[in-house]
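Note: the block below is coords_22.txt and it holds compact mmCIF, C-alpha atoms.
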```
# COMPACT_ATOMS: atom_id res chain seq x y z
CA MET A 1 92.32 96.73 126.79
CA GLU A 2 94.52 99.76 127.44
CA GLU A 3 93.94 101.69 124.26
CA SER A 4 93.69 105.41 124.39
CA GLY A 5 95.19 108.60 123.00
CA VAL A 6 98.11 108.68 120.67
CA ILE A 7 98.48 104.92 120.19
CA SER A 8 94.83 104.26 119.43
CA ASP A 9 94.79 107.16 116.95
CA TYR A 10 97.87 105.76 115.28
CA VAL A 11 96.60 102.17 115.00
CA ASP A 12 93.24 103.46 113.75
CA ARG A 13 95.00 105.41 111.04
CA LEU A 14 97.12 102.43 110.07
CA ALA A 15 94.02 100.19 110.00
CA ARG A 16 92.29 102.72 107.70
CA GLU A 17 95.31 102.76 105.40
CA LEU A 18 95.06 98.96 105.25
CA ASP A 19 91.35 99.01 104.40
CA PHE A 20 92.10 97.39 101.02
CA ASP A 21 92.55 94.08 102.91
CA ARG A 22 90.08 93.73 105.76
CA SER A 23 91.56 90.62 107.44
CA MET A 24 95.09 92.00 107.17
CA SER A 25 93.93 95.33 108.61
CA ILE A 26 92.42 93.65 111.70
CA ARG A 27 95.47 91.48 112.29
CA VAL A 28 98.02 94.26 111.80
CA ARG A 29 96.05 96.60 114.05
CA GLN A 30 96.28 94.11 116.92
CA GLU A 31 99.91 93.32 116.30
CA VAL A 32 100.96 96.96 116.11
CA ALA A 33 98.92 97.99 119.17
CA ASP A 34 100.66 95.26 121.16
CA HIS A 35 104.05 96.39 119.82
CA LEU A 36 103.47 100.04 120.71
CA TRP A 37 102.27 99.25 124.24
CA GLU A 38 105.31 97.05 124.72
CA ALA A 39 107.51 99.94 123.54
CA VAL A 40 105.74 102.31 125.96
CA ALA A 41 106.24 99.87 128.84
CA ALA A 42 109.95 99.61 128.04
CA ASP A 43 110.43 103.39 127.86
CA ALA A 44 110.74 104.90 131.32
CA ALA A 45 111.65 108.46 130.27
CA GLY A 46 108.94 111.12 130.23
CA ASN A 47 105.18 111.26 130.80
CA LEU A 48 102.75 108.85 129.10
CA PRO A 49 101.65 110.98 126.10
CA GLU A 50 105.27 111.85 125.39
CA VAL A 51 106.35 108.19 125.59
CA GLN A 52 103.43 107.18 123.34
CA ARG A 53 104.40 109.83 120.78
CA ARG A 54 107.97 108.53 120.79
CA ALA A 55 106.80 104.93 120.30
CA VAL A 56 104.62 106.00 117.38
CA ALA A 57 107.41 108.08 115.82
CA ASN A 58 109.83 105.13 116.05
CA PHE A 59 107.28 102.92 114.34
CA GLY A 60 107.06 105.04 111.20
CA ASP A 61 104.61 106.65 108.80
CA PRO A 62 101.38 104.54 108.53
CA HIS A 63 101.11 105.28 104.81
CA VAL A 64 104.61 103.95 104.12
CA ILE A 65 103.97 100.84 106.22
CA ALA A 66 100.59 100.27 104.52
CA ALA A 67 102.30 100.45 101.13
CA GLN A 68 104.71 97.70 102.21
CA PHE A 69 101.79 95.58 103.41
CA ALA A 70 99.92 96.18 100.15
CA VAL A 71 102.56 94.20 98.26
CA VAL A 72 102.17 91.28 100.68
CA SER A 73 98.38 91.49 100.30
CA VAL A 74 98.53 91.36 96.50
CA ALA A 75 100.95 88.42 96.64
CA ARG A 76 98.66 86.56 99.05
CA HIS A 77 95.57 87.15 96.93
CA SER A 78 97.24 86.24 93.69
CA ARG A 79 98.28 82.89 95.20
CA ARG A 80 94.73 82.41 96.43
CA THR A 81 93.42 83.15 92.94
CA GLY A 82 95.79 80.48 91.60
CA VAL A 83 94.31 77.98 94.05
CA ALA A 84 90.76 79.20 93.25
CA ALA A 85 91.40 78.52 89.55
CA ILE A 86 92.43 74.92 90.32
CA LEU A 87 89.45 74.40 92.65
CA ALA A 88 87.00 75.89 90.12
CA ILE A 89 88.32 73.61 87.38
CA ALA A 90 88.13 70.62 89.75
CA GLY A 91 84.56 71.60 90.68
CA VAL A 92 83.53 71.71 87.02
CA PHE A 93 85.22 68.34 86.43
CA ILE A 94 83.40 66.66 89.34
CA ALA A 95 80.03 68.11 88.28
CA MET A 96 80.64 67.00 84.70
CA LYS A 97 81.61 63.46 85.77
CA ALA A 98 78.58 63.23 88.10
CA ARG A 99 76.25 64.14 85.21
CA VAL A 100 77.86 61.68 82.81
CA GLY A 101 77.69 58.99 85.52
CA TRP A 102 74.01 59.78 86.02
CA TYR A 103 73.29 59.42 82.30
CA ALA A 104 75.10 56.07 82.31
CA ALA A 105 73.29 54.83 85.44
CA LEU A 106 69.90 55.65 83.92
CA GLU A 107 70.96 54.39 80.47
CA TRP A 108 69.92 57.78 79.23
CA VAL A 109 70.97 58.43 75.64
CA VAL A 110 70.77 61.53 73.54
CA GLY A 111 68.13 61.62 70.79
CA ASP A 112 69.14 60.48 67.27
CA ASP A 113 68.20 63.83 65.73
CA VAL A 114 70.78 65.75 67.80
CA ARG A 115 73.49 63.06 68.06
CA ALA A 116 75.76 64.63 65.40
CA LEU A 117 75.52 68.10 66.94
CA SER A 118 76.09 66.67 70.40
CA GLY A 119 79.27 64.94 69.14
CA VAL A 120 80.71 68.24 67.88
CA VAL A 121 79.84 70.11 71.06
CA ALA A 122 81.32 67.28 73.19
CA LEU A 123 84.56 67.61 71.24
CA ILE A 124 84.70 71.38 71.87
CA ASP A 125 83.87 70.72 75.51
CA ARG A 126 86.66 68.19 75.94
CA TYR A 127 89.40 70.27 74.32
CA THR A 128 88.50 73.55 75.99
CA PHE A 129 88.23 71.86 79.37
CA TRP A 130 91.70 70.27 79.12
CA LEU A 131 93.04 73.57 77.85
CA ALA A 132 91.64 75.22 80.98
CA VAL A 133 93.30 72.51 83.13
CA VAL A 134 96.71 72.99 81.52
CA ILE A 135 96.62 76.81 81.62
CA GLY A 136 95.14 76.85 85.14
CA LEU A 137 97.88 74.55 86.45
CA ALA A 138 100.53 76.61 84.66
CA GLY A 139 99.17 79.82 86.27
CA TRP A 140 99.08 78.26 89.73
CA ALA A 141 102.62 76.87 89.41
CA TYR A 142 103.87 80.19 88.03
CA ILE A 143 102.49 82.37 90.84
CA ARG A 144 103.72 79.89 93.45
CA SER A 145 107.22 80.12 92.03
CA CYS A 146 107.26 83.94 92.22
CA ARG A 147 109.04 85.26 95.31
CA VAL A 148 107.03 87.72 97.42
CA PRO A 149 109.00 90.95 96.95
CA ALA A 150 109.69 93.61 99.56
CA ALA A 151 108.53 96.32 97.15
CA PHE A 152 106.24 96.54 94.15
CA HIS A 153 108.99 96.63 91.55
CA PRO A 154 108.42 96.47 87.77
CA THR A 155 109.59 92.83 87.55
CA TYR A 156 106.91 91.74 90.01
CA LEU A 157 104.30 93.78 88.13
CA LYS A 158 105.31 91.93 84.96
CA GLN A 159 104.99 88.59 86.76
CA LEU A 160 101.52 89.57 87.96
CA ARG A 161 100.52 90.58 84.43
CA ARG A 162 101.64 87.17 83.12
CA PHE A 163 99.63 85.49 85.89
CA PHE A 164 96.52 87.56 85.03
CA LEU A 165 96.86 86.54 81.40
CA LEU A 166 97.15 82.87 82.33
CA CYS A 167 94.14 83.16 84.65
CA ALA A 168 92.10 85.01 82.03
CA ALA A 169 92.96 82.38 79.40
CA ALA A 170 92.09 79.51 81.78
CA THR A 171 88.81 81.22 82.70
CA ALA A 172 87.90 81.84 79.06
CA ALA A 173 88.58 78.18 78.21
CA LEU A 174 86.60 77.06 81.26
CA PHE A 175 83.68 79.28 80.25
CA VAL A 176 83.60 77.75 76.77
CA ALA A 177 83.69 74.28 78.37
CA VAL A 178 80.83 75.17 80.74
CA MET A 179 78.79 76.68 77.88
CA SER A 180 79.38 73.53 75.84
CA ASP A 181 78.22 71.49 78.82
CA GLY A 182 75.13 73.70 78.97
CA VAL A 183 74.38 73.03 75.31
CA LEU A 184 74.98 69.29 75.79
CA THR A 185 72.70 69.20 78.83
CA ALA A 186 70.00 71.07 76.91
CA LEU A 187 70.33 68.55 74.04
CA TRP A 188 70.12 65.67 76.48
CA LEU A 189 67.07 67.10 78.20
CA SER A 190 65.34 68.12 74.97
CA GLY A 191 62.33 66.00 74.21
CA THR A 192 62.06 64.74 77.78
CA GLU A 193 59.73 66.05 80.43
CA LEU A 194 61.16 67.63 83.53
CA SER A 195 61.18 64.95 86.21
CA ALA A 196 63.21 63.78 89.21
CA ARG A 197 65.85 62.33 86.87
CA SER A 198 66.50 65.82 85.43
CA VAL A 199 67.59 67.10 88.83
CA VAL A 200 71.19 65.84 88.61
CA PRO A 201 71.91 67.35 85.14
CA ILE A 202 70.37 70.69 86.16
CA LEU A 203 72.13 70.73 89.53
CA SER A 204 75.48 69.79 88.03
CA MET A 205 75.13 72.58 85.46
CA THR A 206 74.35 75.05 88.25
CA ILE A 207 77.52 73.94 90.06
CA GLU A 208 79.61 74.34 86.91
CA ILE A 209 78.28 77.87 86.30
CA ALA A 210 78.84 78.79 89.96
CA CYS A 211 82.48 77.55 89.80
CA ALA A 212 83.17 79.63 86.69
CA VAL A 213 81.51 82.73 88.19
CA VAL A 214 83.47 82.38 91.46
CA LEU A 215 86.70 82.24 89.47
CA VAL A 216 85.78 85.39 87.55
CA LEU A 217 84.99 87.18 90.83
CA HIS A 218 88.37 86.14 92.26
CA ILE A 219 90.20 87.49 89.24
CA ARG A 220 88.18 90.71 89.31
CA ASN A 221 88.99 91.21 93.01
CA LEU A 222 92.66 90.62 92.37
CA THR A 223 92.81 93.14 89.52
CA ARG A 224 91.01 95.73 91.68
CA ARG A 225 93.36 95.05 94.59
CA THR A 226 96.42 95.37 92.38
CA ALA A 227 95.12 98.62 90.90
CA SER A 228 94.46 100.08 94.36
CA THR A 229 97.94 98.99 95.48
CA VAL A 230 99.54 100.73 92.53
CA THR A 231 97.50 103.86 93.36
CA LEU A 232 98.52 103.63 97.04
CA LEU A 233 102.19 103.40 96.08
CA ARG A 234 101.90 106.42 93.80
CA THR A 235 100.42 108.70 96.49
CA MET B 1 122.07 98.31 102.31
CA LEU B 2 120.37 96.92 105.42
CA LYS B 3 117.05 96.79 103.55
CA GLY B 4 118.43 94.25 101.08
CA HIS B 5 119.30 91.89 103.93
CA LEU B 6 116.22 92.43 106.07
CA ASP B 7 114.82 88.95 105.44
CA MET B 8 118.07 87.29 106.48
CA ILE B 9 118.32 89.50 109.57
CA VAL B 10 114.75 88.66 110.64
CA LEU B 11 115.29 84.93 110.03
CA ALA B 12 118.53 85.07 112.04
CA ALA B 13 116.78 86.87 114.92
CA LEU B 14 114.15 84.12 115.01
CA SER B 15 116.73 81.32 114.88
CA ALA B 16 117.04 81.55 118.68
CA GLY B 17 113.35 80.70 119.09
CA SER B 18 109.84 81.98 118.46
CA ALA B 19 109.13 85.64 119.23
CA HIS B 20 106.67 88.46 118.57
CA GLY B 21 107.51 91.51 116.46
CA TYR B 22 108.77 93.71 119.28
CA ALA B 23 111.02 90.94 120.61
CA VAL B 24 112.40 90.38 117.09
CA ILE B 25 113.43 94.05 116.90
CA GLU B 26 114.98 93.88 120.36
CA GLU B 27 116.88 90.74 119.39
CA ILE B 28 118.20 92.40 116.23
CA ARG B 29 119.34 95.41 118.28
CA ARG B 30 120.94 93.21 120.91
CA ARG B 31 122.74 90.85 118.54
CA SER B 32 124.00 93.68 116.34
CA GLY B 33 125.23 95.64 119.38
CA GLY B 34 122.78 98.42 118.52
CA ALA B 35 124.24 98.81 115.01
CA PHE B 36 120.97 97.77 113.34
CA ASP B 37 118.39 100.18 114.67
CA LEU B 38 115.65 99.54 112.09
CA PRO B 39 112.51 101.65 111.72
CA GLU B 40 110.24 99.40 113.80
CA GLY B 41 107.31 99.44 111.38
CA THR B 42 109.36 97.83 108.59
CA ILE B 43 109.67 94.58 110.53
CA TYR B 44 105.97 93.68 110.30
CA PRO B 45 105.60 93.68 106.50
CA ALA B 46 108.79 91.58 106.43
CA LEU B 47 107.35 89.11 108.95
CA HIS B 48 104.12 88.83 106.94
CA ARG B 49 106.06 88.42 103.70
CA LEU B 50 108.26 85.67 105.14
CA GLU B 51 105.19 83.92 106.50
CA GLN B 52 103.56 84.19 103.08
CA GLY B 53 106.67 82.62 101.57
CA GLY B 54 106.41 79.69 104.00
CA LEU B 55 109.63 80.60 105.85
CA LEU B 56 107.80 81.55 109.06
CA ALA B 57 104.70 80.31 110.85
CA SER B 58 102.72 82.36 113.33
CA ARG B 59 99.99 82.02 115.93
CA TRP B 60 98.14 84.21 118.41
CA VAL B 61 99.00 83.94 122.11
CA THR B 62 97.80 85.93 125.10
CA ALA B 63 100.58 87.89 126.77
CA GLY B 64 100.90 88.42 130.53
CA SER B 65 99.39 91.88 130.04
CA GLY B 66 96.24 90.25 128.64
CA ARG B 67 96.91 91.59 125.15
CA ARG B 68 96.79 89.24 122.18
CA ARG B 69 100.08 88.97 120.38
CA ARG B 70 101.26 87.25 117.23
CA VAL B 71 104.25 84.99 117.77
CA TYR B 72 106.45 83.98 114.83
CA ALA B 73 108.68 80.93 114.47
CA LEU B 74 110.99 79.59 111.77
CA THR B 75 109.58 76.75 109.71
CA ARG B 76 111.82 73.96 108.45
CA ARG B 77 111.93 75.74 105.12
CA GLY B 78 112.86 78.96 106.92
CA SER B 79 115.75 77.25 108.73
CA ARG B 80 117.02 75.88 105.42
CA ALA B 81 116.72 79.30 103.77
CA LEU B 82 118.64 80.89 106.65
CA ALA B 83 121.43 78.29 106.38
CA GLU B 84 121.69 78.94 102.64
CA ARG B 85 121.76 82.72 103.06
CA ARG B 86 124.30 82.44 105.86
CA ALA B 87 126.61 80.35 103.64
CA VAL B 88 126.31 82.84 100.77
CA TRP B 89 126.92 85.74 103.15
CA GLU B 90 130.02 84.11 104.68
CA GLN B 91 131.45 83.47 101.24
CA PHE B 92 130.73 87.05 100.19
CA SER B 93 132.11 88.57 103.37
CA GLU B 94 135.28 86.46 103.13
CA ALA B 95 135.79 87.58 99.55
CA ILE B 96 135.27 91.24 100.45
CA GLY B 97 137.58 90.82 103.46
CA ASP B 98 140.32 89.43 101.23
CA LEU B 99 139.75 92.17 98.70
CA LEU B 100 139.88 95.03 101.18
CA GLY B 101 142.58 93.47 103.34
CA GLY B 102 144.80 92.80 100.34
CA ALA B 103 145.61 89.27 101.55
CA LYS B 104 147.26 88.29 98.27
CA PRO B 105 149.29 91.02 96.61
CA TRP B 106 148.59 91.30 92.91
CA LYS B 107 151.52 90.57 90.67
CA SER B 108 151.86 92.19 87.31
CA PRO B 109 152.31 89.62 84.51
CA ALA B 110 154.95 91.89 82.94
```

Show how you would write the structure in this file as structure tokens.
Amino acid sequence: MEESGVISDYVDRLARELDFDRSMSIRVRQEVADHLWEAVAADAAGNLPEVQRRAVANFGDPHVIAAQFAVVSVARHSRRTGVAAILAIAGVFIAMKARVGWYAALEWVVGDDVRALSGVVALIDRYTFWLAVVIGLAGWAYIRSCRVPAAFHPTYLKQLRRFFLLCAAATAALFVAVMSDGVLTALWLSGTELSARSVVPILSMTIEIACAVVLVLHIRNLTRRTASTVTLLRT
Amino acid sequence: MLKGHLDMIVLAALSAGSAHGYAVIEEIRRRSGGAFDLPEGTIYPALHRLEQGGLLASRWVTAGSGRRRRVYALTRRGSRALAERRAVWEQFSEAIGDLLGGAKPWKSPA
């Protein structure tokens, strides 16, 4: 690979500016290096360092270019978060259905002493879960409908804020549903000894908690990314 | 002014066939007779943005030089978007042409 001097310094600097998105940084570095070498090959006037400097100057300020990429990066990650919300909700649903199916297959019923409490918790579980589904789908559809802008203008920032709110609401509802499932599972397992038949309820609860945690991490990453983009655009 | 139409310009440059970033810039220069001499770095965020929007698709290829290069192509959605933008632009440019050319002299109602 012919990478030395002015061009390699430039692509290194651009890659550093794009550090907020590792995969984007790697891809852009390769694309831009190829572009600059192509520009050098097409420019016959002057010696190599001079031609390289001209190619780099024509390309533009790495900071300005990184700021334009930052908007694309935020848009990409917000769409991914929308998909992650749907997948997390689907994961919780599958785990929940697997546990209920397991109870039915083993003809496992909850104890009489906790039946009333279990009914109330199941009601909370059902409503909060469907609330999470509706809000999660709304958030996903909303962010998909938003056009990826060329710049980080206030309208897009507002759209992102709305999406964060939808995601936060869906996550909160999902957390309540998962906690309710945890309580229900504890009620179901209470009074029984831990055995092989307890594996499915415990495993399904672990999956539900993992799905909810993954969603929270996605949202946290997105908020951090957006904040660093706003900072990058201000400097 | 050019900035506002960058997406349409890039889509139009790729309507001839798939190309990498440098070739897209060259095509824009060639087809505009050198009138659109864009800062080269601005093309790449636009390419990524259009890909993100589903209007372009891209893949890595190995060039004759041995370097890896990303080649972009219009998707079906991209072709449709270009056709729509072209129609809007033609309508707009016709209206401006009429306005500036004074095709129909304005008559006072008085």

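If you look at CA of Val51 (chain A) and CA of Asp34 (chain A), they are 14.8 Å away from each other.
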
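CA of Val178 (chain A) is positioned 9.1 Å from CA of Met96 (chain A).
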
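Look at everything within 12 Å of (124.9, 92.0, 103.9) using all atoms listed in the file, and the residues you get are B:Met1, B:Leu2, B:Lys3, B:Gly4, B:His5, B:Leu6, B:Asp7, B:Met8, B:Ile9, B:Phe36, B:Arg85, B:Arg86, B:Ala87, B:Val88, B:Trp89, B:Glu90, B:Gln91, B:Phe92, B:Ser93, B:Glu94, B:Ile96.
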
Store the residues picked out above, limited to C-alpha atoms, as a compact mmCIF listing (two decimals), keeping the file's coordinate frame.
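Written output follows (again-v1.txt):
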```
# COMPACT_ATOMS: atom_id res chain seq x y z
CA MET B 1 122.07 98.31 102.31
CA LEU B 2 120.37 96.92 105.42
CA LYS B 3 117.05 96.79 103.55
CA GLY B 4 118.43 94.25 101.08
CA HIS B 5 119.30 91.89 103.93
CA LEU B 6 116.22 92.43 106.07
CA ASP B 7 114.82 88.95 105.44
CA MET B 8 118.07 87.29 106.48
CA ILE B 9 118.32 89.50 109.57
CA PHE B 36 120.97 97.77 113.34
CA ARG B 85 121.76 82.72 103.06
CA ARG B 86 124.30 82.44 105.86
CA ALA B 87 126.61 80.35 103.64
CA VAL B 88 126.31 82.84 100.77
CA TRP B 89 126.92 85.74 103.15
CA GLU B 90 130.02 84.11 104.68
CA GLN B 91 131.45 83.47 101.24
CA PHE B 92 130.73 87.05 100.19
CA SER B 93 132.11 88.57 103.37
CA GLU B 94 135.28 86.46 103.13
CA ILE B 96 135.27 91.24 100.45
```

### Task
Do me a favour and pick out the residues of chain A within 7 Å of chain B, using all atoms listed in the file, as a ChimeraX atom specification.
/A:31,34-35,58-60,65,68-69,72,76,148

Please provide as a PDB file with C-alpha atoms, in the coordinates of the input all residues within 10 Å of region 187-199 of chain A, with the sequence filter that same-chain residues fewer than 3 positions apart are discarded (counting only C-alpha atoms).
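What follows is the written file part-v9.pdb:
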```
ATOM      1  CA  ARG A  99      76.250  64.140  85.210  1.00  0.00           C
ATOM      2  CA  TRP A 102      74.010  59.780  86.020  1.00  0.00           C
ATOM      3  CA  TYR A 103      73.290  59.420  82.300  1.00  0.00           C
ATOM      4  CA  LEU A 106      69.900  55.650  83.920  1.00  0.00           C
ATOM      5  CA  TRP A 108      69.920  57.780  79.230  1.00  0.00           C
ATOM      6  CA  VAL A 109      70.970  58.430  75.640  1.00  0.00           C
ATOM      7  CA  VAL A 110      70.770  61.530  73.540  1.00  0.00           C
ATOM      8  CA  GLY A 111      68.130  61.620  70.790  1.00  0.00           C
ATOM      9  CA  ASP A 113      68.200  63.830  65.730  1.00  0.00           C
ATOM     10  CA  VAL A 114      70.780  65.750  67.800  1.00  0.00           C
ATOM     11  CA  ARG A 115      73.490  63.060  68.060  1.00  0.00           C
ATOM     12  CA  LEU A 117      75.520  68.100  66.940  1.00  0.00           C
ATOM     13  CA  SER A 118      76.090  66.670  70.400  1.00  0.00           C
ATOM     14  CA  ASP A 181      78.220  71.490  78.820  1.00  0.00           C
ATOM     15  CA  GLY A 182      75.130  73.700  78.970  1.00  0.00           C
ATOM     16  CA  VAL A 183      74.380  73.030  75.310  1.00  0.00           C
ATOM     17  CA  LEU A 184      74.980  69.290  75.790  1.00  0.00           C
ATOM     18  CA  ILE A 202      70.370  70.690  86.160  1.00  0.00           C
ATOM     19  CA  LEU A 203      72.130  70.730  89.530  1.00  0.00           C
ATOM     20  CA  SER A 204      75.480  69.790  88.030  1.00  0.00           C
ATOM     21  CA  MET A 205      75.130  72.580  85.460  1.00  0.00           C
TER      22      MET A 205
END
```

### Task
Report the distance between CA of Tyr127 (chain A) and CA of Ala173 (chain A) in Å, rounded to one decimal place.
8.9 Å

### Task
Name all residues at most 8 Å from Leu55 (chain B) (count only C-alpha atoms; drop same-chain ones fewer than 3 positions away) and give them as a list of chain:residue names.
B:Leu50, B:Glu51, B:Gln52, B:Leu74, B:Thr75, B:Arg76, B:Arg77, B:Gly78, B:Ser79, B:Ala81

What's the 7 Å shell around region 217-229 of chain A, counting all atoms listed in the file, without same-chain residues fewer than 4 positions away, as a PDB file with C-alpha atoms, in the frame of the given file?
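selection01.pdb was written with the following content:
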```
ATOM      1  CA  PHE A  20      92.100  97.390 101.020  1.00  0.00           C
ATOM      2  CA  ALA A  70      99.920  96.180 100.150  1.00  0.00           C
ATOM      3  CA  VAL A  74      98.530  91.360  96.500  1.00  0.00           C
ATOM      4  CA  HIS A  77      95.570  87.150  96.930  1.00  0.00           C
ATOM      5  CA  SER A  78      97.240  86.240  93.690  1.00  0.00           C
ATOM      6  CA  THR A  81      93.420  83.150  92.940  1.00  0.00           C
ATOM      7  CA  VAL A 213      81.510  82.730  88.190  1.00  0.00           C
ATOM      8  CA  LEU A 233     102.190 103.400  96.080  1.00  0.00           C
TER       9      LEU A 233
END
```

### Task
Name the closest residue to Arg27 (chain A) among the candidates A:Ala15, A:Pro201, A:Arg80, A:Asp61; distances are taken between atoms, counting only C-alpha atoms.
A:Ala15

### Close residues, Leu14 (chain B) itself excluded, 9 Å, all atoms listed in the file, min 6 positions apart in chain, as an MDAnalysis selection string
chainID B and resid 24 27 72:74

## Note on the structure
Of A:Ala186, A:Ala85, A:Ile207, A:Val11, the one sitting nearest Ala169 (chain A) when using only C-alpha atoms is A:Ala85
